[in-house]
>>> print(open('final17.cif').read())   # mmCIF, C-alpha atoms
data_model
#
loop_
_atom_site.label_atom_id
_atom_site.label_comp_id
_atom_site.auth_asym_id
_atom_site.auth_seq_id
_atom_site.Cartn_x
_atom_site.Cartn_y
_atom_site.Cartn_z
CA MET A 12 0.00 0.00 0.00
CA ILE A 13 1.55 3.26 -1.11
CA ASN A 14 0.88 5.96 1.51
CA ILE A 15 -0.22 9.30 0.05
CA LYS A 16 0.65 12.35 2.14
CA THR A 17 -1.56 15.41 2.55
CA PRO A 18 -0.15 18.87 1.71
CA GLU A 19 0.18 19.54 5.45
CA GLU A 20 2.19 16.33 5.95
CA ILE A 21 4.42 17.19 3.00
CA GLU A 22 5.04 20.60 4.61
CA ILE A 23 6.19 18.84 7.81
CA MET A 24 8.48 16.58 5.77
CA LYS A 25 9.85 19.64 3.98
CA GLU A 26 10.83 21.16 7.34
CA GLY A 27 12.44 17.90 8.43
CA GLY A 28 14.20 17.63 5.07
CA GLY A 29 15.57 21.15 5.48
CA ILE A 30 17.03 20.18 8.85
CA LEU A 31 18.54 17.03 7.34
CA ALA A 32 20.12 18.87 4.41
CA ALA A 33 21.69 21.46 6.72
CA VAL A 34 23.07 18.70 8.98
CA LEU A 35 24.41 16.62 6.09
CA PHE A 36 26.26 19.49 4.43
CA GLU A 37 27.74 20.47 7.79
CA LEU A 38 28.95 16.86 8.23
CA LEU A 39 30.55 16.82 4.79
CA LYS A 40 32.51 19.98 5.65
CA ASN A 41 33.92 18.17 8.70
CA ILE A 42 35.21 15.12 6.82
CA LYS A 43 38.98 15.71 6.81
CA PRO A 44 42.08 13.51 7.10
CA GLY A 45 42.54 12.35 10.70
CA VAL A 46 38.85 12.62 11.64
CA SER A 47 37.23 9.28 12.54
CA GLU A 48 33.89 7.87 11.32
CA LEU A 49 32.57 7.78 14.90
CA GLU A 50 33.35 11.49 15.41
CA ILE A 51 31.19 12.34 12.37
CA ASP A 52 28.45 10.10 13.77
CA LYS A 53 28.53 11.89 17.14
CA LEU A 54 28.53 15.27 15.39
CA ALA A 55 25.50 14.21 13.36
CA GLU A 56 23.58 13.22 16.47
CA LYS A 57 24.51 16.50 18.18
CA LEU A 58 23.40 18.64 15.23
CA ILE A 59 20.16 16.73 14.68
CA LEU A 60 19.13 16.98 18.34
CA LYS A 61 20.15 20.65 18.47
CA LYS A 62 17.74 21.45 15.63
CA GLY A 63 14.83 19.88 17.52
CA SER A 64 14.56 16.56 15.70
CA LYS A 65 15.65 12.94 16.26
CA PRO A 66 18.10 10.71 14.37
CA GLY A 67 15.87 8.70 12.02
CA PHE A 68 18.20 5.71 11.80
CA LYS A 69 18.07 5.11 15.55
CA GLU A 70 14.37 4.30 15.12
CA ILE A 71 15.39 1.28 13.01
CA LYS A 72 15.47 -1.94 15.01
CA GLY A 73 19.04 -3.15 15.45
CA TYR A 74 20.78 0.05 14.31
CA ASN A 75 22.39 2.22 16.97
CA ASN A 76 24.01 5.07 15.07
CA SER A 77 22.74 8.27 13.48
CA ILE A 78 24.49 7.85 10.12
CA CYS A 79 25.87 5.19 7.77
CA VAL A 80 29.44 5.87 6.67
CA SER A 81 30.38 4.15 3.41
CA THR A 82 34.12 4.60 2.78
CA ASN A 83 35.71 3.55 -0.52
CA ASN A 84 34.56 -0.01 -1.28
CA VAL A 85 31.75 0.01 1.30
CA VAL A 86 28.48 0.39 -0.61
CA VAL A 87 25.86 1.09 2.07
CA HIS A 88 24.99 0.66 5.74
CA GLY A 89 28.58 1.16 6.94
CA VAL A 90 28.39 1.14 10.75
CA PRO A 91 30.67 4.01 11.91
CA THR A 92 34.01 2.74 13.29
CA ASN A 93 37.20 4.24 14.70
CA TYR A 94 38.68 4.37 11.19
CA LYS A 95 40.35 7.75 10.58
CA PHE A 96 39.84 9.27 7.14
CA LYS A 97 42.81 9.70 4.79
CA ALA A 98 43.31 12.12 1.89
CA GLY A 99 41.88 10.56 -1.25
CA ASP A 100 39.20 8.49 0.56
CA ILE A 101 35.80 8.42 -1.08
CA VAL A 102 33.30 8.82 1.73
CA GLY A 103 29.53 8.43 1.46
CA ILE A 104 27.34 9.65 4.32
CA ASP A 105 23.73 8.46 4.60
CA CYS A 106 21.63 10.19 7.24
CA GLY A 107 18.01 10.35 8.32
CA VAL A 108 15.95 12.72 10.44
CA PHE A 109 12.72 11.94 12.32
CA TYR A 110 10.78 15.20 12.73
CA LYS A 111 7.18 15.56 13.98
CA GLY A 112 6.40 11.94 13.20
CA PHE A 113 7.90 11.80 9.70
CA ASN A 114 11.19 10.53 8.33
CA THR A 115 13.38 12.04 5.65
CA ASP A 116 16.41 10.31 4.14
CA MET A 117 19.44 11.74 2.32
CA ALA A 118 22.91 10.68 1.22
CA GLU A 119 25.91 12.24 -0.51
CA THR A 120 29.39 11.00 -1.48
CA ILE A 121 32.53 13.15 -1.61
CA GLN A 122 36.22 12.59 -2.11
CA ILE A 123 38.58 13.98 0.50
CA LYS A 124 40.82 16.33 -1.45
CA ASN A 125 44.20 14.80 -2.23
CA LYS A 126 46.74 17.56 -2.69
CA LYS A 127 49.52 15.30 -4.03
CA LEU A 128 49.97 16.22 -7.69
CA LYS A 129 51.16 12.78 -8.78
CA ILE A 130 47.70 11.27 -8.13
CA LYS A 131 45.96 13.98 -10.15
CA SER A 132 44.75 11.62 -12.91
CA ASP A 133 43.17 9.29 -10.35
CA ASN A 134 41.36 12.27 -8.90
CA ALA A 135 39.93 13.13 -12.32
CA LYS A 136 38.61 9.55 -12.69
CA ILE A 137 36.95 9.70 -9.28
CA GLN A 138 35.49 13.13 -9.97
CA LYS A 139 33.95 11.82 -13.21
CA PHE A 140 32.55 8.83 -11.27
CA LEU A 141 30.93 11.08 -8.66
CA GLU A 142 29.66 13.62 -11.20
CA THR A 143 27.90 10.81 -13.09
CA GLY A 144 26.09 9.71 -9.94
CA LYS A 145 25.00 13.27 -9.15
CA ARG A 146 23.73 13.77 -12.69
CA ALA A 147 21.85 10.44 -12.62
CA LEU A 148 20.09 11.50 -9.42
CA LYS A 149 19.23 14.93 -10.83
CA GLU A 150 17.79 13.45 -14.03
CA GLY A 151 16.03 10.70 -12.08
CA ILE A 152 14.33 13.29 -9.88
CA LYS A 153 13.12 15.14 -13.00
CA GLN A 154 11.26 11.96 -14.04
CA ALA A 155 9.33 11.89 -10.75
CA LYS A 156 6.15 13.57 -11.95
CA THR A 157 2.48 12.57 -12.07
CA GLY A 158 1.75 10.41 -15.07
CA ASN A 159 5.14 8.71 -15.03
CA ARG A 160 5.98 5.40 -13.37
CA VAL A 161 8.74 4.28 -11.01
CA GLY A 162 10.25 2.56 -14.05
CA HIS A 163 10.89 5.92 -15.75
CA ILE A 164 13.07 6.99 -12.82
CA SER A 165 14.84 3.61 -12.73
CA LYS A 166 15.52 3.59 -16.47
CA THR A 167 16.94 7.14 -16.45
CA ILE A 168 19.32 6.40 -13.57
CA GLN A 169 20.45 3.12 -15.10
CA ASN A 170 21.07 4.62 -18.55
CA ILE A 171 23.21 7.48 -17.23
CA VAL A 172 25.30 5.39 -14.81
CA GLU A 173 25.77 2.26 -16.93
CA GLY A 174 26.22 4.43 -20.03
CA LYS A 175 29.49 5.63 -18.52
CA GLY A 176 30.67 2.09 -17.84
CA TYR A 177 29.85 1.87 -14.13
CA SER A 178 27.35 -0.62 -12.68
CA ILE A 179 24.15 -0.11 -10.70
CA VAL A 180 23.88 -2.33 -7.62
CA ARG A 181 20.95 -4.69 -8.18
CA SER A 182 20.13 -5.86 -4.65
CA LEU A 183 19.64 -2.40 -3.08
CA VAL A 184 16.88 0.06 -3.89
CA GLY A 185 15.37 3.44 -3.11
CA HIS A 186 12.03 3.45 -1.31
CA GLY A 187 8.92 5.30 -0.24
CA VAL A 188 9.43 7.36 2.91
CA GLY A 189 7.05 8.74 5.54
CA ARG A 190 6.00 7.70 9.03
CA THR A 191 8.34 4.73 8.60
CA LEU A 192 11.77 5.06 6.99
CA HIS A 193 11.14 2.34 4.40
CA GLU A 194 7.71 2.24 2.77
CA GLU A 195 6.27 1.14 -0.52
CA PRO A 196 7.09 1.45 -3.38
CA GLU A 197 10.58 0.13 -4.07
CA VAL A 198 12.46 2.52 -6.35
CA PRO A 199 15.32 0.59 -8.00
CA GLY A 200 18.11 2.31 -9.89
CA PHE A 201 17.67 -0.19 -12.72
CA LEU A 202 14.79 -1.43 -14.85
CA GLU A 203 14.14 -5.16 -14.76
CA PHE A 204 11.00 -5.74 -16.81
CA ASP A 205 8.55 -3.34 -18.48
CA VAL A 206 8.13 0.21 -17.32
CA GLU A 207 4.39 -0.53 -17.52
CA LYS A 208 4.72 -3.15 -14.78
CA THR A 209 6.07 -0.64 -12.22
CA PRO A 210 3.84 1.45 -9.93
CA VAL A 211 2.32 4.71 -11.19
CA LEU A 212 3.60 7.92 -9.59
CA ALA A 213 0.79 9.95 -8.05
CA GLU A 214 0.47 13.32 -6.36
CA GLY A 215 1.24 13.08 -2.63
CA MET A 216 3.76 10.26 -2.87
CA THR A 217 7.04 10.81 -1.06
CA ILE A 218 9.99 8.72 -2.16
CA ALA A 219 13.72 8.54 -1.50
CA ILE A 220 15.41 8.21 -4.89
CA GLU A 221 18.83 6.56 -4.52
CA VAL A 222 21.71 6.11 -6.95
CA ILE A 223 23.79 3.19 -5.65
CA TYR A 224 26.58 2.28 -8.05
CA ASN A 225 30.10 0.83 -8.33
CA MET A 226 33.12 1.52 -10.50
CA GLY A 227 33.53 -2.24 -11.02
CA LYS A 228 30.91 -5.00 -11.06
CA SER A 229 27.52 -4.71 -9.41
CA ASN A 230 27.92 -7.67 -7.00
CA VAL A 231 27.97 -6.83 -3.30
CA LYS A 232 28.51 -8.84 -0.13
CA TYR A 233 28.39 -8.46 3.63
CA LEU A 234 31.82 -7.19 4.68
CA ASN A 235 31.94 -8.59 8.23
CA GLU A 236 29.77 -9.97 11.03
CA ASP A 237 28.14 -6.72 12.14
CA GLY A 238 25.10 -7.72 10.10
CA TRP A 239 24.93 -4.35 8.34
CA THR A 240 28.00 -3.24 6.37
CA ILE A 241 27.71 -4.13 2.68
CA ALA A 242 30.74 -3.75 0.37
CA THR A 243 31.56 -4.40 -3.29
CA GLU A 244 32.58 -7.97 -4.02
CA ASP A 245 35.46 -6.92 -6.30
CA GLU A 246 36.58 -4.20 -3.82
CA SER A 247 35.97 -1.42 -6.36
CA ILE A 248 34.86 2.06 -5.29
CA SER A 249 31.16 2.62 -4.64
CA GLY A 250 29.09 5.80 -4.77
CA LEU A 251 25.80 6.72 -3.09
CA PHE A 252 23.53 9.71 -3.71
CA GLU A 253 20.00 10.07 -2.32
CA ARG A 254 17.31 12.72 -1.92
CA THR A 255 13.78 12.55 -0.52
CA ILE A 256 11.25 14.09 -2.90
CA ALA A 257 7.51 14.66 -2.98
CA ILE A 258 5.46 14.33 -6.13
CA THR A 259 3.26 17.38 -6.58
CA LYS A 260 0.98 18.47 -9.40
CA ASN A 261 3.73 20.88 -10.48
CA GLY A 262 6.38 18.15 -10.65
CA PRO A 263 8.94 16.84 -8.18
CA LEU A 264 9.66 18.81 -5.00
CA ILE A 265 13.00 18.06 -3.31
CA LEU A 266 12.25 17.92 0.42
CA THR A 267 15.85 17.45 1.54
CA GLN A 268 17.37 20.83 0.72
CA MET B 29 19.12 4.44 4.67
CA VAL B 30 19.11 2.11 1.69
CA HIS B 31 16.50 -0.62 1.42
CA GLN B 32 17.24 -4.14 0.26
CA GLY B 33 15.19 -4.93 -2.82
CA SER B 34 12.76 -7.84 -3.06
CA PHE B 35 13.53 -10.69 -5.45
CA GLU B 36 11.81 -13.58 -7.26
CA VAL B 37 12.46 -17.27 -6.75
CA ASP B 38 10.83 -20.47 -7.95
CA GLY B 39 9.37 -23.06 -5.63
CA VAL B 40 7.19 -26.15 -5.47
CA VAL B 41 4.00 -26.11 -3.40
CA LYS B 42 4.16 -28.80 -0.72
CA GLU B 43 0.82 -28.35 1.06
CA ALA B 44 -2.27 -26.18 1.04
CA LEU B 45 -3.25 -24.56 4.35
CA PRO B 46 -6.45 -22.74 5.34
CA ASN B 47 -7.09 -19.14 4.09
CA THR B 48 -5.22 -19.66 0.78
CA LEU B 49 -1.89 -20.07 2.55
CA PHE B 50 0.60 -22.57 1.17
CA ARG B 51 3.85 -24.12 2.22
CA ALA B 52 6.39 -24.16 -0.61
CA GLU B 53 9.86 -25.61 -0.96
CA LEU B 54 12.53 -23.53 -2.72
CA GLU B 55 15.28 -24.90 -4.94
CA ASN B 56 17.76 -24.55 -2.06
CA GLY B 57 15.57 -26.63 0.26
CA ASP B 58 14.11 -23.81 2.37
CA ILE B 59 10.43 -24.09 3.33
CA VAL B 60 8.50 -20.83 3.14
CA LEU B 61 4.97 -19.86 4.11
CA CYS B 62 3.27 -18.23 1.13
CA HIS B 63 0.09 -16.36 0.45
CA LEU B 64 -1.64 -15.84 -2.86
CA SER B 65 -1.20 -12.51 -4.64
CA GLY B 66 -4.30 -10.39 -5.19
CA LYS B 67 -4.10 -10.68 -8.99
CA MET B 68 -4.23 -14.45 -8.77
CA ARG B 69 -7.20 -14.38 -6.43
CA MET B 70 -9.00 -11.99 -8.78
CA HIS B 71 -8.57 -14.35 -11.72
CA PHE B 72 -9.53 -17.42 -9.60
CA ILE B 73 -6.30 -19.31 -10.30
CA LYS B 74 -6.22 -22.54 -8.29
CA ILE B 75 -3.00 -23.72 -6.65
CA LEU B 76 -2.54 -27.37 -5.71
CA PRO B 77 0.32 -29.25 -4.01
CA GLY B 78 2.87 -30.18 -6.63
CA ASP B 79 2.43 -26.97 -8.66
CA ARG B 80 5.58 -25.08 -9.59
CA VAL B 81 5.15 -21.41 -8.73
CA LYS B 82 7.02 -18.10 -8.87
CA LEU B 83 7.44 -16.41 -5.47
CA GLU B 84 8.20 -12.84 -4.58
CA MET B 85 10.28 -12.59 -1.41
CA THR B 86 11.88 -9.88 0.73
CA PRO B 87 15.38 -10.26 2.18
CA TYR B 88 13.97 -8.99 5.49
CA ASP B 89 11.88 -12.15 6.12
CA LYS B 90 13.14 -15.23 4.34
CA ALA B 91 10.40 -17.45 5.77
CA LYS B 92 7.53 -15.81 3.88
CA GLY B 93 6.67 -15.42 0.23
CA ARG B 94 3.96 -14.23 -2.16
CA ILE B 95 2.87 -16.46 -5.00
CA THR B 96 2.73 -14.35 -8.16
CA TYR B 97 2.60 -16.95 -10.96
CA ARG B 98 1.77 -20.61 -11.49
CA TYR B 99 3.82 -22.38 -14.16
CA LYS B 100 2.03 -24.63 -16.63
#
>>> encode(input="final17.cif", output="structure tokens")
Amino acid sequence: MINIKTPEEIEIMKEGGGILAAVLFELLKNIKPGVSELEIDKLAEKLILKKGSKPGFKEIKGYNNSICVSTNNVVVHGVPTNYKFKAGDIVGIDCGVFYKGFNTDMAETIQIKNKKLKIKSDNAKIQKFLETGKRALKEGIKQAKTGNRVGHISKTIQNIVEGKGYSIVRSLVGHGVGRTLHEEPEVPGFLEFDVEKTPVLAEGMTIAIEVIYNMGKSNVKYLNEDGWTIATEDESISGLFERTIAITKNGPLILTQ
Amino acid sequence: MVHQGSFEVDGVVKEALPNTLFRAELENGDIVLCHLSGKMRMHFIKILPGDRVKLEMTPYDKAKGRITYRYK
């Protein structure tokens, strides 16, 4: 059952999304060499609580942190550890905020600036990788309008990412978002069958569109026994971009900004 | 936070339980409790033990499935 939100509920989610966006961009500014994943997690919790909301991920059964940190070959759900960031690391932060009964979900990946000139060409490759993901998300969001289907979003994301030679992870998907963090429908970054077989997008739907992709092959595996952290099977770099949007009669409205 | 996507598997129906619930065995030997999808109810498609069916499952509960197709 896809939950439709009223304009008032979307307004609440927009406020929560604004808080989340401010927190996330503040976190990204603090990701520097020598800083540990856990410090960013504690900073996230502090900022979220300070703005009058609650960490959305702590509402999930079995998860005890406010963010997921996905460094280099970690794809998603990286439980924050004592690992200290190094220059050149590709760090993805996924964060959620629970505000006035509603969740919002957002993620962004950056590369910690590497000032050594001899690795400049590697930096260009990584920048191209990240730019592709950002563009796929932007174009995917544009497809989220009434009259389209989830498949239109999925196809757009897949074409842009796989068109550049990267691979979309098949076993992880975007999702509806609202009173619970994960709701119907599933919003994959790839199209499996017909577009016509995917759900129709209607006014009042709120979904988290995610671009989850790897430089190498799409296969992923559990990295260790924490039951959460998922990494690429071939240890290639992975990128993650996500925004929560609402579908309105005037097109998509990004709530997390 | 990212959600793990649902996937399709094939199975063989082992027994029919009350309220259109079925127990099916997957190719890897797992037994799952399945219910009939709404589309199949609407078209009155009968499922009997021994039928090969397509199941939709979620990685969050590997003991349950939804029957979405009956093979010929």
>>> atom_distance(input="final17.cif", atom1="atom CA of A:Phe96", atom2="atom CA of A:Leu39")
12.2 Å
>>> closest_residue(input="final17.cif", among="B:Lys100, B:Lys74, B:Val30, B:Val41", to="B:Val60", atoms="all atoms listed in the file")
B:Val41
>>> resolve_selection(input="final17.cif", expression="the PyMOL selection byres ((chain B) within 12 of (chain A))", output="number ranges by chain")
B: 29-36, 86-88
>>> residues_around(input="final17.cif", residues="stretch 130-145 of chain A", least_positions_apart="2", cutoff="12 Å", atoms="all atoms listed in the file", output="CSV table (one decimal) with C-alpha atoms, in the frame of the given file")
chain,number,residue,atom,x,y,z
A,83,ASN,CA,35.7,3.6,-0.5
A,98,ALA,CA,43.3,12.1,1.9
A,99,GLY,CA,41.9,10.6,-1.2
A,100,ASP,CA,39.2,8.5,0.6
A,101,ILE,CA,35.8,8.4,-1.1
A,102,VAL,CA,33.3,8.8,1.7
A,103,GLY,CA,29.5,8.4,1.5
A,118,ALA,CA,22.9,10.7,1.2
A,119,GLU,CA,25.9,12.2,-0.5
A,120,THR,CA,29.4,11.0,-1.5
A,121,ILE,CA,32.5,13.2,-1.6
A,122,GLN,CA,36.2,12.6,-2.1
A,123,ILE,CA,38.6,14.0,0.5
A,124,LYS,CA,40.8,16.3,-1.4
A,125,ASN,CA,44.2,14.8,-2.2
A,126,LYS,CA,46.7,17.6,-2.7
A,127,LYS,CA,49.5,15.3,-4.0
A,128,LEU,CA,50.0,16.2,-7.7
A,147,ALA,CA,21.8,10.4,-12.6
A,148,LEU,CA,20.1,11.5,-9.4
A,149,LYS,CA,19.2,14.9,-10.8
A,150,GLU,CA,17.8,13.4,-14.0
A,151,GLY,CA,16.0,10.7,-12.1
A,152,ILE,CA,14.3,13.3,-9.9
A,167,THR,CA,16.9,7.1,-16.4
A,168,ILE,CA,19.3,6.4,-13.6
A,169,GLN,CA,20.4,3.1,-15.1
A,170,ASN,CA,21.1,4.6,-18.6
A,171,ILE,CA,23.2,7.5,-17.2
A,172,VAL,CA,25.3,5.4,-14.8
A,173,GLU,CA,25.8,2.3,-16.9
A,174,GLY,CA,26.2,4.4,-20.0
A,175,LYS,CA,29.5,5.6,-18.5
A,176,GLY,CA,30.7,2.1,-17.8
A,177,TYR,CA,29.8,1.9,-14.1
A,178,SER,CA,27.4,-0.6,-12.7
A,179,ILE,CA,24.2,-0.1,-10.7
A,200,GLY,CA,18.1,2.3,-9.9
A,220,ILE,CA,15.4,8.2,-4.9
A,221,GLU,CA,18.8,6.6,-4.5
A,222,VAL,CA,21.7,6.1,-7.0
A,223,ILE,CA,23.8,3.2,-5.6
A,224,TYR,CA,26.6,2.3,-8.0
A,225,ASN,CA,30.1,0.8,-8.3
A,226,MET,CA,33.1,1.5,-10.5
A,227,GLY,CA,33.5,-2.2,-11.0
A,247,SER,CA,36.0,-1.4,-6.4
A,248,ILE,CA,34.9,2.1,-5.3
A,249,SER,CA,31.2,2.6,-4.6
A,250,GLY,CA,29.1,5.8,-4.8
A,251,LEU,CA,25.8,6.7,-3.1
A,252,PHE,CA,23.5,9.7,-3.7
A,253,GLU,CA,20.0,10.1,-2.3
A,254,ARG,CA,17.3,12.7,-1.9
>>> resolve_selection(input="final17.cif", expression="the PyMOL selection byres ((chain B and resi 45-54) around 12)", output="number ranges by chain")
B: 36-44, 55-66, 68-69, 72-85, 90-95
>>> build_atoms(input="final17.cif", residues="stretch 70-80 of chain A", atoms="all heavy atoms", output="JSON list (two decimals), in the frame of the given file")
[["chain", "number", "residue", "atom", "x", "y", "z"],
["A", 70, "GLU", "N", 15.70, 4.91, 14.98],
["A", 70, "GLU", "CA", 14.37, 4.30, 15.12],
["A", 70, "GLU", "C", 14.34, 2.91, 14.49],
["A", 70, "GLU", "O", 13.40, 2.15, 14.69],
["A", 70, "GLU", "CB", 13.32, 5.17, 14.43],
["A", 70, "GLU", "CG", 13.33, 6.63, 14.85],
["A", 70, "GLU", "CD", 12.71, 6.85, 16.20],
["A", 70, "GLU", "OE1", 11.62, 6.31, 16.44],
["A", 70, "GLU", "OE2", 13.31, 7.55, 17.03],
["A", 71, "ILE", "N", 15.36, 2.58, 13.68],
["A", 71, "ILE", "CA", 15.39, 1.28, 13.01],
["A", 71, "ILE", "C", 15.87, 0.24, 14.01],
["A", 71, "ILE", "O", 16.87, 0.44, 14.69],
["A", 71, "ILE", "CB", 16.38, 1.30, 11.80],
["A", 71, "ILE", "CG1", 15.89, 2.29, 10.78],
["A", 71, "ILE", "CG2", 16.55, -0.08, 11.22],
["A", 71, "ILE", "CD1", 14.95, 1.74, 9.76],
["A", 72, "LYS", "N", 15.12, -0.90, 14.05],
["A", 72, "LYS", "CA", 15.47, -1.94, 15.01],
["A", 72, "LYS", "C", 16.85, -2.50, 14.67],
["A", 72, "LYS", "O", 17.12, -2.88, 13.54],
["A", 72, "LYS", "CB", 14.41, -3.05, 14.89],
["A", 72, "LYS", "CG", 14.47, -4.07, 16.00],
["A", 72, "LYS", "CD", 13.20, -4.91, 16.01],
["A", 72, "LYS", "CE", 13.57, -6.37, 16.12],
["A", 72, "LYS", "NZ", 12.46, -7.26, 15.90],
["A", 73, "GLY", "N", 17.74, -2.54, 15.66],
["A", 73, "GLY", "CA", 19.04, -3.15, 15.45],
["A", 73, "GLY", "C", 20.11, -2.19, 14.98],
["A", 73, "GLY", "O", 21.26, -2.57, 14.82],
["A", 74, "TYR", "N", 19.76, -0.91, 14.73],
["A", 74, "TYR", "CA", 20.78, 0.05, 14.31],
["A", 74, "TYR", "C", 20.92, 1.11, 15.39],
["A", 74, "TYR", "O", 19.94, 1.70, 15.82],
["A", 74, "TYR", "CB", 20.40, 0.71, 12.98],
["A", 74, "TYR", "CG", 21.58, 1.31, 12.28],
["A", 74, "TYR", "CD1", 22.53, 0.49, 11.66],
["A", 74, "TYR", "CD2", 21.78, 2.68, 12.27],
["A", 74, "TYR", "CE1", 23.64, 1.04, 11.04],
["A", 74, "TYR", "CE2", 22.90, 3.23, 11.65],
["A", 74, "TYR", "CZ", 23.83, 2.40, 11.05],
["A", 74, "TYR", "OH", 24.93, 2.94, 10.44],
["A", 75, "ASN", "N", 22.17, 1.34, 15.82],
["A", 75, "ASN", "CA", 22.39, 2.22, 16.97],
["A", 75, "ASN", "C", 23.14, 3.49, 16.67],
["A", 75, "ASN", "O", 23.61, 4.16, 17.58],
["A", 75, "ASN", "CB", 23.17, 1.45, 18.05],
["A", 75, "ASN", "CG", 22.43, 0.20, 18.46],
["A", 75, "ASN", "OD1", 21.22, 0.22, 18.61],
["A", 75, "ASN", "ND2", 23.15, -0.90, 18.59],
["A", 76, "ASN", "N", 23.30, 3.84, 15.40],
["A", 76, "ASN", "CA", 24.01, 5.07, 15.07],
["A", 76, "ASN", "C", 23.09, 6.02, 14.32],
["A", 76, "ASN", "O", 22.02, 5.63, 13.88],
["A", 76, "ASN", "CB", 25.25, 4.76, 14.22],
["A", 76, "ASN", "CG", 26.25, 3.91, 14.97],
["A", 76, "ASN", "OD1", 26.11, 2.70, 15.03],
["A", 76, "ASN", "ND2", 27.23, 4.56, 15.57],
["A", 77, "SER", "N", 23.58, 7.27, 14.15],
["A", 77, "SER", "CA", 22.74, 8.27, 13.48],
["A", 77, "SER", "C", 23.01, 8.33, 12.00],
["A", 77, "SER", "O", 22.22, 8.90, 11.25],
["A", 77, "SER", "CB", 23.01, 9.65, 14.06],
["A", 77, "SER", "OG", 22.91, 9.59, 15.45],
["A", 78, "ILE", "N", 24.16, 7.80, 11.55],
["A", 78, "ILE", "CA", 24.49, 7.85, 10.12],
["A", 78, "ILE", "C", 25.04, 6.50, 9.68],
["A", 78, "ILE", "O", 25.38, 5.66, 10.51],
["A", 78, "ILE", "CB", 25.55, 8.92, 9.80],
["A", 78, "ILE", "CG1", 26.84, 8.67, 10.58],
["A", 78, "ILE", "CG2", 25.00, 10.30, 10.06],
["A", 78, "ILE", "CD1", 27.98, 9.55, 10.15],
["A", 79, "CYS", "N", 25.12, 6.30, 8.34],
["A", 79, "CYS", "CA", 25.87, 5.19, 7.77],
["A", 79, "CYS", "C", 27.04, 5.82, 7.05],
["A", 79, "CYS", "O", 26.85, 6.75, 6.25],
["A", 79, "CYS", "CB", 25.03, 4.40, 6.76],
["A", 79, "CYS", "SG", 23.63, 3.56, 7.49],
["A", 80, "VAL", "N", 28.26, 5.33, 7.33],
["A", 80, "VAL", "CA", 29.44, 5.87, 6.67],
["A", 80, "VAL", "C", 29.96, 4.82, 5.70],
["A", 80, "VAL", "O", 30.32, 3.72, 6.11],
["A", 80, "VAL", "CB", 30.57, 6.19, 7.69],
["A", 80, "VAL", "CG1", 31.73, 6.83, 6.97],
["A", 80, "VAL", "CG2", 30.04, 7.10, 8.77]]
